[in-house]
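Down below is the structure, laid out as structure tokens.
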Amino acid sequence: MKPLFPLMLSAVVISGCATTHSLPPTELRYGDAYLPPIHVLTDDPLKGGEIRNSLRATGMFSDVISGQPPADGYAVRVNVAQERDLPPFPVILVSAATLFLIPISDSMDSRLGFTLMKGGQTLKRYDYENKTQRYTWLLDRKEEATEENLRRITRAFAQDVQRDGLMPAVEAKP
């Protein structure tokens, strides 16, 4: 029984997941000013909350709000398309039979289109795609890869909006 314990311990230590993304990480330029509040409208109500939270987490907007904007407010309409590619069921069974020491592949292809508007007028359209490829092993945290997939897209959007200067910066709230 004693030789089995180090083997099991080493299997737990080296287990985990490996993830790759097609969209590179984005460095945001932080300063004393924020972008004005933005109202987020999505075509997928289940993903709407995740998108708003991810935009809030960028720290670039003074506020991220759900619903219709006022007549002179800024809004972004987000079109969401996501596809998942899971391995065939026999591969999952083989991996499960080996206690997930044989990794299985899982991929997610996310395409988000952001249409930036002010007062109902379209200012610019931004399109992003991020393909995430994961290899799942024994102790996997699938949520982290899914969140990072969306986080890379929303950070790229925030960076592009800041760089384009279509939304004037407002002073930080005390």
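Chain identifiers are assigned as A, B, and so on, following the order in which chains appear in the structure tokens; residues are numbered from 1 within each chain, and ligands are numbered from 1 in order of appearance.
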Next item on the list: With a distance cut-off of 8 Å and only C-alpha atoms, select the neighbouring residues of range 96-110 of chain A, excluding the residue or stretch itself and same-chain residues fewer than 6 positions from it, and output the selection as an MDAnalysis selection string.
Entry: chainID A and resid 11 15 80:87 129:138 149:150
Write the residues you've just listed into a file as a CSV table (one decimal), in the first residue's frame, and include C-alpha atoms for each of them.
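Contents of again_18.csv, as written:
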```
chain,number,residue,atom,x,y,z
A,11,ALA,CA,-0.7,11.9,-10.1
A,15,SER,CA,-2.9,16.6,-13.0
A,80,VAL,CA,-23.1,36.2,-29.2
A,81,ALA,CA,-22.2,33.0,-31.1
A,82,GLN,CA,-20.6,30.1,-29.2
A,83,GLU,CA,-19.9,26.6,-30.3
A,84,ARG,CA,-18.6,23.8,-28.2
A,85,ASP,CA,-16.7,20.7,-29.5
A,86,LEU,CA,-16.7,17.9,-27.0
A,87,PRO,CA,-14.9,14.6,-27.5
A,129,GLU,CA,-13.2,35.6,-32.1
A,130,ASN,CA,-11.5,33.5,-29.5
A,131,LYS,CA,-11.0,29.8,-29.9
A,132,THR,CA,-10.2,28.1,-26.6
A,133,GLN,CA,-8.7,24.6,-26.6
A,134,ARG,CA,-8.6,22.7,-23.4
A,135,TYR,CA,-7.2,19.4,-22.3
A,136,THR,CA,-9.0,18.2,-19.2
A,137,TRP,CA,-7.3,15.9,-16.7
A,138,LEU,CA,-8.0,14.7,-13.2
A,149,ASN,CA,-12.3,33.0,-23.1
A,150,LEU,CA,-14.9,35.8,-22.5
```
Next item on the list: Write out as a ChimeraX atom specification the residues lying within 8 Å of Val170 in chain A, counting only C-alpha atoms and excluding same-chain residues fewer than 6 positions away.
Entry: /A:33-36,62
Notebook entry, point to check: Got a sec: who's within 10 Å of Thr154 in chain A, counting only C-alpha atoms, leaving out chain neighbours fewer than 6 positions off, as a count of residues only?
Noted result: 14
Margin query: When you count only C-alpha atoms, which of these residues is closest to Gly119 in chain A: A:Phe89, A:Tyr74, A:Tyr30, A:Phe61?
Written below: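 Among the listed residues, the smallest separation from Gly119 in chain A belongs to A:Tyr74.
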Check: Of the candidates A:Ile92, A:Val76, A:Ala71, A:Ile38, which one gets nearest to Tyr126 in chain A if we count only C-alpha atoms?
Finding: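 Counting only C-alpha atoms, the residue closest to Tyr126 in chain A is A:Val76.
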Item checked: strand (DSSP E) call set, DSSP backbone run, range 59-140 of chain A, as a ChimeraX atom specification -> /A:64-66,74-85,104-118,121-136
Atoms kept (C-alpha atoms) for selection, written as a PDB file, in the first residue's frame:
```pdb
ATOM      1  CA  VAL A  64     -21.823  48.971 -16.876  1.00  0.00           C
ATOM      2  CA  ILE A  65     -25.620  48.911 -16.920  1.00  0.00           C
ATOM      3  CA  SER A  66     -28.226  46.514 -18.267  1.00  0.00           C
ATOM      4  CA  TYR A  74     -23.815  55.161 -24.804  1.00  0.00           C
ATOM      5  CA  ALA A  75     -24.849  51.587 -25.476  1.00  0.00           C
ATOM      6  CA  VAL A  76     -23.303  48.475 -26.899  1.00  0.00           C
ATOM      7  CA  ARG A  77     -25.327  45.743 -28.579  1.00  0.00           C
ATOM      8  CA  VAL A  78     -23.574  42.381 -28.288  1.00  0.00           C
ATOM      9  CA  ASN A  79     -24.250  39.501 -30.670  1.00  0.00           C
ATOM     10  CA  VAL A  80     -23.074  36.213 -29.176  1.00  0.00           C
ATOM     11  CA  ALA A  81     -22.239  33.008 -31.050  1.00  0.00           C
ATOM     12  CA  GLN A  82     -20.569  30.144 -29.202  1.00  0.00           C
ATOM     13  CA  GLU A  83     -19.866  26.604 -30.340  1.00  0.00           C
ATOM     14  CA  ARG A  84     -18.592  23.755 -28.164  1.00  0.00           C
ATOM     15  CA  ASP A  85     -16.745  20.748 -29.498  1.00  0.00           C
ATOM     16  CA  ILE A 104      -9.679  14.645 -23.136  1.00  0.00           C
ATOM     17  CA  SER A 105      -9.965  17.584 -25.503  1.00  0.00           C
ATOM     18  CA  ASP A 106     -12.660  20.236 -25.255  1.00  0.00           C
ATOM     19  CA  SER A 107     -12.862  23.375 -27.366  1.00  0.00           C
ATOM     20  CA  MET A 108     -15.020  26.484 -27.382  1.00  0.00           C
ATOM     21  CA  ASP A 109     -15.242  28.913 -30.282  1.00  0.00           C
ATOM     22  CA  SER A 110     -16.675  32.292 -29.209  1.00  0.00           C
ATOM     23  CA  ARG A 111     -17.557  35.032 -31.678  1.00  0.00           C
ATOM     24  CA  LEU A 112     -18.847  38.294 -30.243  1.00  0.00           C
ATOM     25  CA  GLY A 113     -19.879  41.329 -32.236  1.00  0.00           C
ATOM     26  CA  PHE A 114     -20.037  44.650 -30.344  1.00  0.00           C
ATOM     27  CA  THR A 115     -21.983  47.499 -31.951  1.00  0.00           C
ATOM     28  CA  LEU A 116     -21.153  50.762 -30.148  1.00  0.00           C
ATOM     29  CA  MET A 117     -23.991  53.318 -30.252  1.00  0.00           C
ATOM     30  CA  LYS A 118     -24.737  56.770 -28.913  1.00  0.00           C
ATOM     31  CA  GLN A 121     -26.741  56.079 -33.828  1.00  0.00           C
ATOM     32  CA  THR A 122     -24.127  53.436 -34.603  1.00  0.00           C
ATOM     33  CA  LEU A 123     -20.576  54.658 -33.979  1.00  0.00           C
ATOM     34  CA  LYS A 124     -18.576  51.531 -34.824  1.00  0.00           C
ATOM     35  CA  ARG A 125     -18.780  47.742 -34.997  1.00  0.00           C
ATOM     36  CA  TYR A 126     -16.136  45.539 -33.353  1.00  0.00           C
ATOM     37  CA  ASP A 127     -15.893  41.803 -34.062  1.00  0.00           C
ATOM     38  CA  TYR A 128     -13.804  39.349 -32.039  1.00  0.00           C
ATOM     39  CA  GLU A 129     -13.230  35.624 -32.095  1.00  0.00           C
ATOM     40  CA  ASN A 130     -11.474  33.501 -29.501  1.00  0.00           C
ATOM     41  CA  LYS A 131     -11.040  29.768 -29.866  1.00  0.00           C
ATOM     42  CA  THR A 132     -10.155  28.071 -26.593  1.00  0.00           C
ATOM     43  CA  GLN A 133      -8.717  24.569 -26.644  1.00  0.00           C
ATOM     44  CA  ARG A 134      -8.558  22.695 -23.351  1.00  0.00           C
ATOM     45  CA  TYR A 135      -7.166  19.364 -22.324  1.00  0.00           C
ATOM     46  CA  THR A 136      -8.983  18.151 -19.250  1.00  0.00           C
TER      47      THR A 136
END
```
Next item on the list: Determine, counting only C-alpha atoms, which protein, DNA and RNA residues have an atom within 9 Å of an atom of Gln68 in chain A; residues of the same chain fewer than 5 positions away are not included. Present the result as JSON, numbers by chain.
Entry: {"A": [39, 40, 41, 75]}
